[in-house]
>>> print(open('my_file_20.cif').read())   # mmCIF, C-alpha atoms and all ligand atoms
data_run
#
loop_
_atom_site.label_atom_id
_atom_site.label_comp_id
_atom_site.auth_asym_id
_atom_site.auth_seq_id
_atom_site.Cartn_x
_atom_site.Cartn_y
_atom_site.Cartn_z
CA MET A 123 5.37 179.67 148.54
CA ILE A 124 4.12 179.20 144.95
CA PRO A 125 6.32 181.22 142.55
CA THR A 126 3.58 182.69 140.32
CA LEU A 127 6.06 184.91 138.48
CA GLU A 128 9.70 185.78 138.90
CA TRP A 129 12.24 188.17 137.40
CA THR A 130 15.24 186.20 136.12
CA PRO A 131 18.35 187.28 134.16
CA GLU A 132 16.82 185.61 131.05
CA GLY A 133 13.41 187.34 131.32
CA VAL A 134 10.24 186.97 133.38
CA SER A 135 9.33 183.42 134.32
CA PHE A 136 5.63 182.56 134.77
CA LEU A 137 3.97 179.50 136.26
CA ASP A 138 1.68 178.40 133.41
CA GLN A 139 -1.73 178.61 135.09
CA THR A 140 -3.50 177.23 132.02
CA LYS A 141 -1.77 173.88 132.65
CA LEU A 142 -2.69 173.56 136.36
CA PRO A 143 -3.39 171.34 138.16
CA GLN A 144 -2.12 168.64 135.78
CA GLN A 145 1.30 170.18 135.13
CA GLU A 146 3.52 172.61 137.04
CA THR A 147 5.42 174.14 134.15
CA TYR A 148 6.98 177.55 133.60
CA VAL A 149 6.92 179.86 130.58
CA LEU A 150 9.80 182.28 130.06
CA ALA A 151 8.94 185.67 128.53
CA ARG A 152 12.16 187.03 127.03
CA ASN A 153 10.74 190.38 125.89
CA TYR A 154 7.77 192.65 126.54
CA LYS A 155 5.75 191.24 123.64
CA GLU A 156 5.97 187.78 125.17
CA VAL A 157 4.87 189.22 128.54
CA ALA A 158 1.83 190.71 126.75
CA THR A 159 1.00 187.31 125.25
CA VAL A 160 1.34 185.62 128.65
CA ILE A 161 -1.14 188.11 130.17
CA ARG A 162 -3.59 187.95 127.24
CA ASP A 163 -3.59 184.15 127.17
CA MET A 164 -4.06 184.00 130.97
CA ILE A 165 -0.87 182.03 131.56
CA VAL A 166 -0.69 184.59 134.37
CA ARG A 167 -4.01 185.95 135.65
CA GLY A 168 -5.53 187.58 138.70
CA ALA A 169 -5.47 191.34 139.26
CA MET A 170 -2.39 191.66 141.48
CA ALA A 171 -0.36 189.20 139.40
CA ILE A 172 -1.10 190.99 136.14
CA GLY A 173 -0.37 194.36 137.81
CA VAL A 174 3.16 193.30 138.68
CA SER A 175 3.48 191.45 135.35
CA GLY A 176 2.61 194.71 133.56
CA ALA A 177 5.31 196.53 135.54
CA MET A 178 7.85 193.78 134.81
CA GLY A 179 6.85 193.82 131.13
CA VAL A 180 7.60 197.55 130.84
CA ALA A 181 10.86 197.17 132.78
CA LEU A 182 11.85 194.22 130.56
CA GLY A 183 11.04 196.21 127.42
CA ILE A 184 13.18 199.12 128.60
CA ASP A 185 15.99 196.84 129.79
CA ARG A 186 16.17 194.96 126.46
CA SER A 187 15.93 198.09 124.29
CA ALA A 188 18.78 198.71 121.84
CA ALA A 189 18.01 202.47 121.76
CA THR A 190 21.09 204.68 122.08
CA THR A 191 19.28 208.01 122.47
CA LEU A 192 16.53 209.06 124.89
CA GLN A 193 14.47 210.21 121.95
CA ASP A 194 14.44 206.69 120.48
CA LEU A 195 13.84 205.13 123.88
CA ASN A 196 10.88 207.47 124.55
CA ALA A 197 9.21 206.27 121.36
CA GLU A 198 9.81 202.63 122.31
CA VAL A 199 8.47 203.09 125.84
CA GLU A 200 5.27 204.50 124.36
CA ILE A 201 4.79 201.36 122.26
CA ILE A 202 5.75 199.01 125.12
CA CYS A 203 3.21 200.56 127.52
CA ASP A 204 0.52 200.65 124.85
CA THR A 205 1.03 196.98 123.93
CA LEU A 206 0.84 195.82 127.55
CA ALA A 207 -2.17 198.04 128.34
CA LYS A 208 -4.15 196.46 125.50
CA THR A 209 -3.93 192.92 126.90
CA ARG A 210 -6.86 192.92 129.37
CA PRO A 211 -9.24 195.80 130.14
CA THR A 212 -10.87 195.21 133.53
CA ALA A 213 -8.26 194.82 136.29
CA VAL A 214 -7.06 198.34 137.05
CA ASN A 215 -3.93 196.90 138.70
CA LEU A 216 -2.52 196.24 135.20
CA PHE A 217 -2.67 199.96 134.36
CA TRP A 218 -1.34 200.82 137.82
CA GLY A 219 1.68 198.51 137.32
CA ILE A 220 2.45 199.93 133.87
CA ALA A 221 2.11 203.49 135.22
CA GLN A 222 4.53 202.83 138.10
CA ILE A 223 7.42 202.10 135.73
CA ARG A 224 6.29 204.69 133.18
CA GLU A 225 6.30 207.47 135.79
CA LEU A 226 9.79 206.55 136.99
CA TYR A 227 10.97 206.40 133.38
CA ASN A 228 9.46 209.84 132.61
CA LYS A 229 11.12 211.36 135.67
CA LEU A 230 14.56 209.93 134.85
CA ALA A 231 14.25 210.81 131.15
CA ALA A 232 13.30 214.39 132.10
CA GLU A 233 16.47 214.53 134.18
CA ASN A 234 18.49 213.26 131.18
CA ALA A 235 19.72 210.28 133.18
CA PRO A 236 22.06 207.87 131.33
CA ILE A 237 20.16 205.03 129.60
CA GLU A 238 21.97 202.32 131.61
CA GLU A 239 20.95 204.08 134.83
CA ILE A 240 17.31 204.28 133.65
CA LYS A 241 17.32 200.56 132.83
CA ALA A 242 18.76 199.61 136.23
CA GLN A 243 16.28 201.76 138.15
CA CYS A 244 13.23 200.53 136.20
CA VAL A 245 14.20 196.89 136.76
CA ALA A 246 14.83 197.58 140.47
CA LEU A 247 11.40 199.20 140.82
CA ALA A 248 9.66 196.23 139.16
CA LYS A 249 11.33 193.90 141.67
CA THR A 250 10.32 196.19 144.56
CA LEU A 251 6.68 196.14 143.41
CA TYR A 252 6.83 192.34 143.52
CA ASP A 253 8.07 192.39 147.15
CA GLU A 254 5.54 195.08 148.12
CA ASP A 255 2.65 193.06 146.70
CA ILE A 256 3.39 190.18 149.07
CA ALA A 257 4.02 192.50 152.04
CA ASN A 258 0.72 194.36 151.41
CA LEU A 259 -1.24 191.13 151.15
CA ARG A 260 0.15 189.92 154.47
CA LYS A 261 -0.98 193.20 156.09
CA LEU A 262 -4.37 192.90 154.40
CA GLY A 263 -4.66 189.31 155.65
CA ALA A 264 -3.94 190.37 159.22
CA PHE A 265 -6.70 193.02 159.08
CA GLY A 266 -9.19 190.66 157.48
CA ALA A 267 -8.59 187.64 159.70
CA GLU A 268 -10.60 189.16 162.54
CA LEU A 269 -13.70 189.34 160.31
CA LEU A 270 -13.77 185.61 159.63
CA PRO A 271 -15.55 183.23 162.03
CA GLN A 272 -13.58 181.31 164.66
CA GLU A 273 -14.85 178.17 163.03
CA GLY A 274 -16.98 177.18 160.07
CA THR A 275 -17.14 177.30 156.32
CA VAL A 276 -16.15 180.28 154.19
CA LEU A 277 -17.19 180.48 150.53
CA THR A 278 -14.94 181.95 147.86
CA HIS A 279 -15.41 182.53 144.14
CA CYS A 280 -12.72 182.39 141.43
CA ASN A 281 -9.09 182.44 142.56
CA ALA A 282 -7.95 185.37 144.67
CA GLY A 283 -5.01 183.45 146.04
CA ALA A 284 -1.24 183.25 145.78
CA LEU A 285 -1.72 182.42 142.10
CA ALA A 286 -3.57 185.70 141.52
CA ALA A 287 -0.72 187.67 143.09
CA CYS A 288 3.01 187.45 143.71
CA GLY A 289 2.15 185.21 146.67
CA TYR A 290 -0.19 184.70 149.66
CA GLY A 291 -3.32 186.11 147.97
CA SER A 292 -6.06 188.59 148.87
CA ALA A 293 -9.26 186.64 149.71
CA LEU A 294 -7.25 183.46 150.25
CA GLY A 295 -4.63 185.54 152.11
CA VAL A 296 -7.32 186.52 154.63
CA ILE A 297 -8.28 182.84 154.99
CA ARG A 298 -4.61 181.89 155.41
CA ALA A 299 -4.12 184.63 158.03
CA ALA A 300 -7.20 183.49 159.97
CA ILE A 301 -5.98 179.89 159.98
CA GLU A 302 -2.48 181.04 161.07
CA ARG A 303 -4.25 182.74 164.02
CA GLY A 304 -6.04 179.55 165.05
CA HIS A 305 -9.43 179.83 163.31
CA LYS A 306 -10.84 176.43 162.37
CA ILE A 307 -11.95 177.33 158.88
CA ASP A 308 -12.71 175.20 155.87
CA VAL A 309 -13.32 176.59 152.41
CA PHE A 310 -16.08 176.03 149.86
CA ALA A 311 -14.68 176.98 146.45
CA ASP A 312 -17.04 177.75 143.55
CA GLU A 313 -15.80 176.04 140.40
CA THR A 314 -16.06 179.38 138.53
CA ARG A 315 -17.18 178.50 135.02
CA PRO A 316 -16.22 178.98 132.27
CA PHE A 317 -12.47 179.25 132.98
CA ASN A 318 -12.66 177.08 136.11
CA GLN A 319 -10.32 179.12 138.30
CA GLY A 320 -11.96 177.57 141.38
CA THR A 321 -11.71 173.99 140.13
CA ARG A 322 -8.20 174.22 138.74
CA LEU A 323 -6.48 176.91 140.83
CA THR A 324 -8.17 177.60 144.18
CA ALA A 325 -8.67 173.90 144.89
CA TRP A 326 -5.05 173.26 143.86
CA GLU A 327 -3.38 175.92 145.98
CA LEU A 328 -5.53 175.36 149.09
CA THR A 329 -5.14 171.58 149.13
CA LYS A 330 -1.39 172.06 148.56
CA ASP A 331 -1.41 174.14 151.78
CA ASN A 332 -3.54 171.49 153.61
CA ILE A 333 -6.46 173.90 153.99
CA PRO A 334 -9.65 171.79 154.02
CA THR A 335 -11.43 172.58 150.75
CA THR A 336 -14.69 171.45 149.17
CA LEU A 337 -15.29 172.22 145.52
CA ILE A 338 -18.89 173.06 144.56
CA CYS A 339 -20.50 173.90 141.24
CA ASP A 340 -21.40 177.58 140.87
CA ASN A 341 -25.12 176.85 141.10
CA MET A 342 -24.82 175.04 144.47
CA ALA A 343 -23.93 178.05 146.66
CA GLY A 344 -27.58 178.96 147.36
CA TYR A 345 -28.36 175.41 148.44
CA PHE A 346 -25.56 175.37 151.00
CA MET A 347 -26.42 178.87 152.26
CA GLY A 348 -30.03 177.75 152.70
CA GLN A 349 -28.78 174.89 154.84
CA GLY A 350 -26.86 177.29 157.09
CA ARG A 351 -23.54 175.79 156.04
CA ILE A 352 -21.79 179.03 154.92
CA LYS A 353 -20.68 181.51 157.60
CA ALA A 354 -19.11 184.13 155.33
CA ALA A 355 -18.13 184.74 151.72
CA ILE A 356 -14.90 186.42 150.66
CA VAL A 357 -13.72 187.31 147.16
CA GLY A 358 -11.03 189.41 145.49
CA ALA A 359 -11.53 192.32 143.10
CA ASP A 360 -10.32 193.48 139.71
CA ARG A 361 -11.44 197.07 140.03
CA ILE A 362 -13.21 198.93 142.81
CA ALA A 363 -14.91 202.16 141.78
CA ALA A 364 -14.73 205.29 143.94
CA ASN A 365 -18.19 204.45 145.37
CA GLY A 366 -17.21 200.88 146.32
CA ASP A 367 -18.92 199.08 143.42
CA THR A 368 -16.66 196.11 142.71
CA ALA A 369 -15.82 194.26 139.51
CA ASN A 370 -14.73 190.69 140.06
CA LYS A 371 -15.02 187.35 138.27
CA ILE A 372 -18.37 186.66 136.61
CA GLY A 373 -20.72 185.10 139.17
CA THR A 374 -19.53 187.23 142.10
CA TYR A 375 -22.64 189.41 141.88
CA SER A 376 -24.90 186.35 142.25
CA VAL A 377 -22.93 185.21 145.32
CA ALA A 378 -23.32 188.68 146.89
CA ILE A 379 -27.09 188.67 146.34
CA LEU A 380 -27.38 185.17 147.82
CA CYS A 381 -25.41 186.34 150.86
CA LYS A 382 -27.73 189.31 151.34
CA GLU A 383 -30.81 187.05 151.20
CA HIS A 384 -29.32 184.64 153.74
CA GLY A 385 -27.85 187.29 156.10
CA ILE A 386 -24.28 186.14 155.43
CA PRO A 387 -21.44 188.70 155.41
CA PHE A 388 -19.93 189.28 151.98
CA TYR A 389 -16.34 190.58 152.03
CA VAL A 390 -14.10 191.94 149.27
CA ALA A 391 -10.34 191.67 149.88
CA ALA A 392 -8.09 193.75 147.63
CA PRO A 393 -4.91 195.82 147.88
CA PHE A 394 -5.42 199.56 147.63
CA ASN A 395 -4.13 199.72 144.04
CA THR A 396 -7.35 197.91 143.01
CA ILE A 397 -9.33 201.03 143.90
CA ASP A 398 -9.74 203.29 140.91
CA PRO A 399 -10.55 206.86 141.99
CA ASN A 400 -11.05 207.79 138.33
CA THR A 401 -13.97 205.38 137.96
CA ALA A 402 -16.96 206.91 139.71
CA SER A 403 -19.20 203.84 139.83
CA GLY A 404 -19.49 200.27 138.62
CA LYS A 405 -21.25 201.21 135.40
CA ASP A 406 -18.04 202.89 134.23
CA ILE A 407 -15.91 199.73 134.63
CA PRO A 408 -15.01 198.13 131.28
CA ILE A 409 -15.98 194.45 131.25
CA GLU A 410 -13.78 192.08 129.28
CA GLN A 411 -15.65 189.86 126.81
CA ARG A 412 -13.71 186.66 126.18
CA ASN A 413 -13.62 184.05 123.46
CA PRO A 414 -16.92 182.07 123.17
CA ARG A 415 -14.79 178.93 122.91
CA GLU A 416 -14.29 179.09 126.71
CA VAL A 417 -18.04 178.39 127.00
CA THR A 418 -18.55 176.03 124.07
CA HIS A 419 -15.59 173.75 124.83
CA VAL A 420 -14.57 171.73 127.87
CA ASN A 421 -11.07 170.25 127.75
CA GLY A 422 -10.96 170.85 124.00
CA LEU A 423 -14.27 169.06 123.42
CA GLN A 424 -17.25 171.00 122.07
CA VAL A 425 -20.21 170.53 124.41
CA THR A 426 -22.67 172.86 122.68
CA PRO A 427 -24.65 172.44 119.47
CA ASP A 428 -23.34 174.30 116.43
CA GLY A 429 -24.99 177.65 115.84
CA VAL A 430 -26.07 178.48 119.41
CA ASN A 431 -25.36 182.08 120.46
CA ILE A 432 -22.77 182.53 123.20
CA GLU A 433 -22.06 185.39 125.64
CA ASN A 434 -18.89 185.32 127.72
CA PRO A 435 -18.39 188.35 129.98
CA ALA A 436 -15.38 187.62 132.21
CA PHE A 437 -16.45 189.91 135.07
CA ASP A 438 -19.54 191.37 136.71
CA VAL A 439 -20.05 194.29 139.06
CA THR A 440 -21.33 193.90 142.60
CA PRO A 441 -23.00 197.11 143.78
CA ALA A 442 -21.46 198.51 146.97
CA LYS A 443 -24.72 198.02 148.90
CA TYR A 444 -24.13 194.24 148.95
CA ILE A 445 -20.58 194.50 150.33
CA SER A 446 -20.18 194.17 154.12
CA ALA A 447 -16.57 195.45 154.09
CA ILE A 448 -13.62 196.01 151.77
CA ILE A 449 -10.42 194.68 153.32
CA THR A 450 -7.21 196.46 152.26
CA GLU A 451 -3.64 196.74 153.57
CA ARG A 452 -4.67 200.16 154.95
CA GLY A 453 -7.43 198.67 157.06
CA ILE A 454 -11.06 197.61 156.81
CA LEU A 455 -13.28 199.97 154.83
CA ARG A 456 -17.02 200.16 155.56
CA ALA A 457 -19.98 201.92 153.96
CA PRO A 458 -20.34 204.65 152.95
CA PHE A 459 -17.38 203.59 150.81
CA VAL A 460 -17.08 206.97 149.07
CA ASP A 461 -15.97 208.36 152.44
CA SER A 462 -13.95 205.41 153.77
CA ILE A 463 -12.05 205.13 150.46
CA LYS A 464 -11.26 208.86 150.51
CA SER A 465 -10.02 208.70 154.14
CA ALA A 466 -7.82 205.66 153.40
CA ALA A 467 -6.35 207.46 150.38
CA LYS A 468 -5.52 210.50 152.54
CA MET A 469 -4.01 208.28 155.24
CA GLN A 470 -1.39 207.07 152.76
CA GLU A 471 -0.65 210.61 151.52
CA LEU A 472 0.01 211.70 155.13
CA VAL A 473 2.37 208.77 155.68
CA ALA A 474 4.14 209.55 152.41
CA THR A 475 4.73 213.27 153.15
O1 LIG B 1 -9.88 186.34 134.71
P1 LIG B 1 -9.00 186.24 135.91
O2 LIG B 1 -8.68 184.84 136.31
O3 LIG B 1 -7.78 187.12 135.80
O4 LIG B 1 -9.91 186.85 137.06
C1 LIG B 1 -9.41 186.89 138.35
C2 LIG B 1 -10.42 187.34 139.33
O5 LIG B 1 -11.52 187.69 139.00
C3 LIG B 1 -9.96 187.43 140.73
O6 LIG B 1 -11.02 187.17 141.61
C4 LIG B 1 -9.47 188.86 140.95
O7 LIG B 1 -8.41 189.16 140.09
C5 LIG B 1 -9.11 189.13 142.35
S1 LIG B 1 -7.68 188.32 142.94
C6 LIG B 1 -6.39 189.32 142.44
#
>>> encode(input="my_file_20.cif", output="structure tokens")
Amino acid sequence: MIPTLEWTPEGVSFLDQTKLPQQETYVLARNYKEVATVIRDMIVRGAMAIGVSGAMGVALGIDRSAATTLQDLNAEVEIICDTLAKTRPTAVNLFWGIAQIRELYNKLAAENAPIEEIKAQCVALAKTLYDEDIANLRKLGAFGAELLPQEGTVLTHCNAGALAACGYGSALGVIRAAIERGHKIDVFADETRPFNQGTRLTAWELTKDNIPTTLICDNMAGYFMGQGRIKAAIVGADRIAANGDTANKIGTYSVAILCKEHGIPFYVAAPFNTIDPNTASGKDIPIEQRNPREVTHVNGLQVTPDGVNIENPAFDVTPAKYISAIITERGILRAPFVDSIKSAAKMQELVAT
């Protein structure tokens, strides 16, 4: 399995995704500020991966704190969480991960637990979230596998794979699960301009796993759908609103519309912590705007004329009406998503009580 990120005694180690596929190198974040930089610079990226990175960043900040009183530590935890939360705005998993450690910290601090005990428990929880991410994605994969064709080509956009998580992946996890169950599937991967997650990351991790993969430019999907070559499309998600509207990598919306026109099922695969009950619909999802340089430059070389205006939204929102199903570790959710999301949320509460 690809070690996307890992807790080590020296800090959190991250596979540097900006260097793939040319180099497999690791970056060590020794403190929470370095974790924030790693997330902001997309050395680690993908909703599930940055969710657990956020949790590990808070745990690392608490663990490395020199505070000797809870009062001082409280003030530090506030700054740690705030710094990590400001790194990227769209994937709700980041805020979920930060909140997981924050809530445990608040509970232990309210109980006046010894600082060493608080540190140990926060670090242990961050490691548990890492293990749970992989376990949830395997469950999600098992649910989703049955939706994919027994044979044929499945299109994916961006990278919703092991690299976007602690392992296995969401959309690519479903593809992996289907192949493990005997489906004869090959993958068409959109290159995913401007950051090229498809070209650099999806193509890399699928070919490494010997999953037959064809890389296509983003503007080729319609051509192949028109030829009847694509049997299904599956993508991940960065935030799913309470009504099912889904934010994912820029270009996902266009793929969904193309699928609708061609009668191809369009699936979203995401763990339940990607669903944000506090966001009513897609129009409330904050969309990250990234550096224009990602558009103007390719491999460090400027490909645009000076002075041209650039827009670079990193995500778009696919309205729920274009989504055939949302695959989660709690099962397959269908429209109306307002209801299926609510029922799945209750299901977990019942299990938990
Ligand atoms: O900007 P990125 O590379 O972090 O965007 C990643 C995506 O859009 C993925 O498709 C999404 O996070 C789902 S996979 C966890």
>>> closest_atom_pairs(input="my_file_20.cif", of="chain A", to="ligand LIG 1 (chain B)", cutoff="8 Å", atoms="all atoms listed in the file", output="Markdown table")
| residue | atom | partner | partner_atom | distance |
| --- | --- | --- | --- | --- |
| A:Met164 | CA | B:LIG1 | O3 | 6.8 |
| A:Val166 | CA | B:LIG1 | O3 | 7.7 |
| A:Arg167 | CA | B:LIG1 | O3 | 4.0 |
| A:Gly168 | CA | B:LIG1 | O7 | 3.6 |
| A:Ala169 | CA | B:LIG1 | O7 | 3.8 |
| A:Met170 | CA | B:LIG1 | C6 | 4.7 |
| A:Ala171 | CA | B:LIG1 | C6 | 6.8 |
| A:Ile172 | CA | B:LIG1 | O3 | 7.7 |
| A:Ala213 | CA | B:LIG1 | O7 | 6.8 |
| A:His279 | CA | B:LIG1 | O6 | 6.9 |
| A:Cys280 | CA | B:LIG1 | O6 | 5.1 |
| A:Asn281 | CA | B:LIG1 | O6 | 5.2 |
| A:Ala282 | CA | B:LIG1 | S1 | 3.4 |
| A:Gly283 | CA | B:LIG1 | S1 | 6.4 |
| A:Ala286 | CA | B:LIG1 | C6 | 4.7 |
| A:Ala287 | CA | B:LIG1 | C6 | 5.9 |
| A:Gly291 | CA | B:LIG1 | S1 | 7.0 |
| A:Ser292 | CA | B:LIG1 | S1 | 6.2 |
| A:Ala293 | CA | B:LIG1 | S1 | 7.2 |
| A:Phe317 | CA | B:LIG1 | O2 | 7.5 |
| A:Gln319 | CA | B:LIG1 | O2 | 6.3 |
| A:Val357 | CA | B:LIG1 | O6 | 6.2 |
| A:Gly358 | CA | B:LIG1 | C5 | 3.7 |
| A:Ala359 | CA | B:LIG1 | C5 | 4.1 |
| A:Asp360 | CA | B:LIG1 | O7 | 4.7 |
| A:Ala369 | CA | B:LIG1 | O5 | 7.9 |
| A:Asn370 | CA | B:LIG1 | O5 | 4.5 |
| A:Lys371 | CA | B:LIG1 | O5 | 3.6 |
| A:Ile372 | CA | B:LIG1 | O5 | 7.3 |
| A:Ala392 | CA | B:LIG1 | C6 | 7.0 |
| A:Ala436 | CA | B:LIG1 | O1 | 6.2 |
| A:Phe437 | CA | B:LIG1 | O5 | 6.7 |
>>> closest_residue(input="my_file_20.cif", among="A:Thr314, A:Ser187, A:Ile124, A:Glu268", to="Lys330 in chain A", atoms="only C-alpha atoms")
A:Ile124
>>> closest_residue(input="my_file_20.cif", among="A:Asn318, A:Thr440, A:Ser462, A:Thr191", to="Lys382 in chain A", atoms="all atoms listed in the file")
A:Thr440
>>> residues_around(input="my_file_20.cif", residues="Thr418 in chain A", least_positions_apart="4", cutoff="12 Å", atoms="all atoms listed in the file", output="list in words")
Arg315, Pro316, Phe317, Arg412, Asn413, Pro414, Gly422, Leu423, Gln424, Val425, Thr426, Pro427, Asp428, Gly429, Val430, Asn431, Ile432, Glu433 and Asn434 of chain A
>>> residues_around(input="my_file_20.cif", residues="range 399-402 of chain A", least_positions_apart="4", cutoff="9 Å", atoms="only C-alpha atoms", output="number ranges by chain")
A: 361-367, 406-407, 463-464
>>> closest_residue(input="my_file_20.cif", among="A:Ile301, A:Leu137, A:Ile220, A:Ile333", to="Gly266 in chain A", atoms="only C-alpha atoms")
A:Ile301
>>> closest_residue(input="my_file_20.cif", among="A:Cys244, A:Asp461, A:Glu132, A:Gln139", to="Ala221 in chain A", atoms="only C-alpha atoms")
A:Cys244
>>> closest_residue(input="my_file_20.cif", among="A:Ala267, A:Ile297, A:Val199, A:Ile386", to="Tyr154 in chain A", atoms="all atoms listed in the file")
A:Val199
>>> atom_distance(input="my_file_20.cif", atom1="CA of Ile165 in chain A", atom2="CA of Trp218 in chain A")
19.8 Å
>>> closest_residue(input="my_file_20.cif", among="A:Val460, A:Val174, A:Val296, A:Leu285", to="Trp326 in chain A", atoms="all atoms listed in the file")
A:Leu285
>>> residues_around(input="my_file_20.cif", residues="Arg303 in chain A", least_positions_apart="3", cutoff="12 Å", atoms="all atoms listed in the file", output="MDAnalysis selection string")
chainID A and resid 263:268 270:273 296:300 306:307
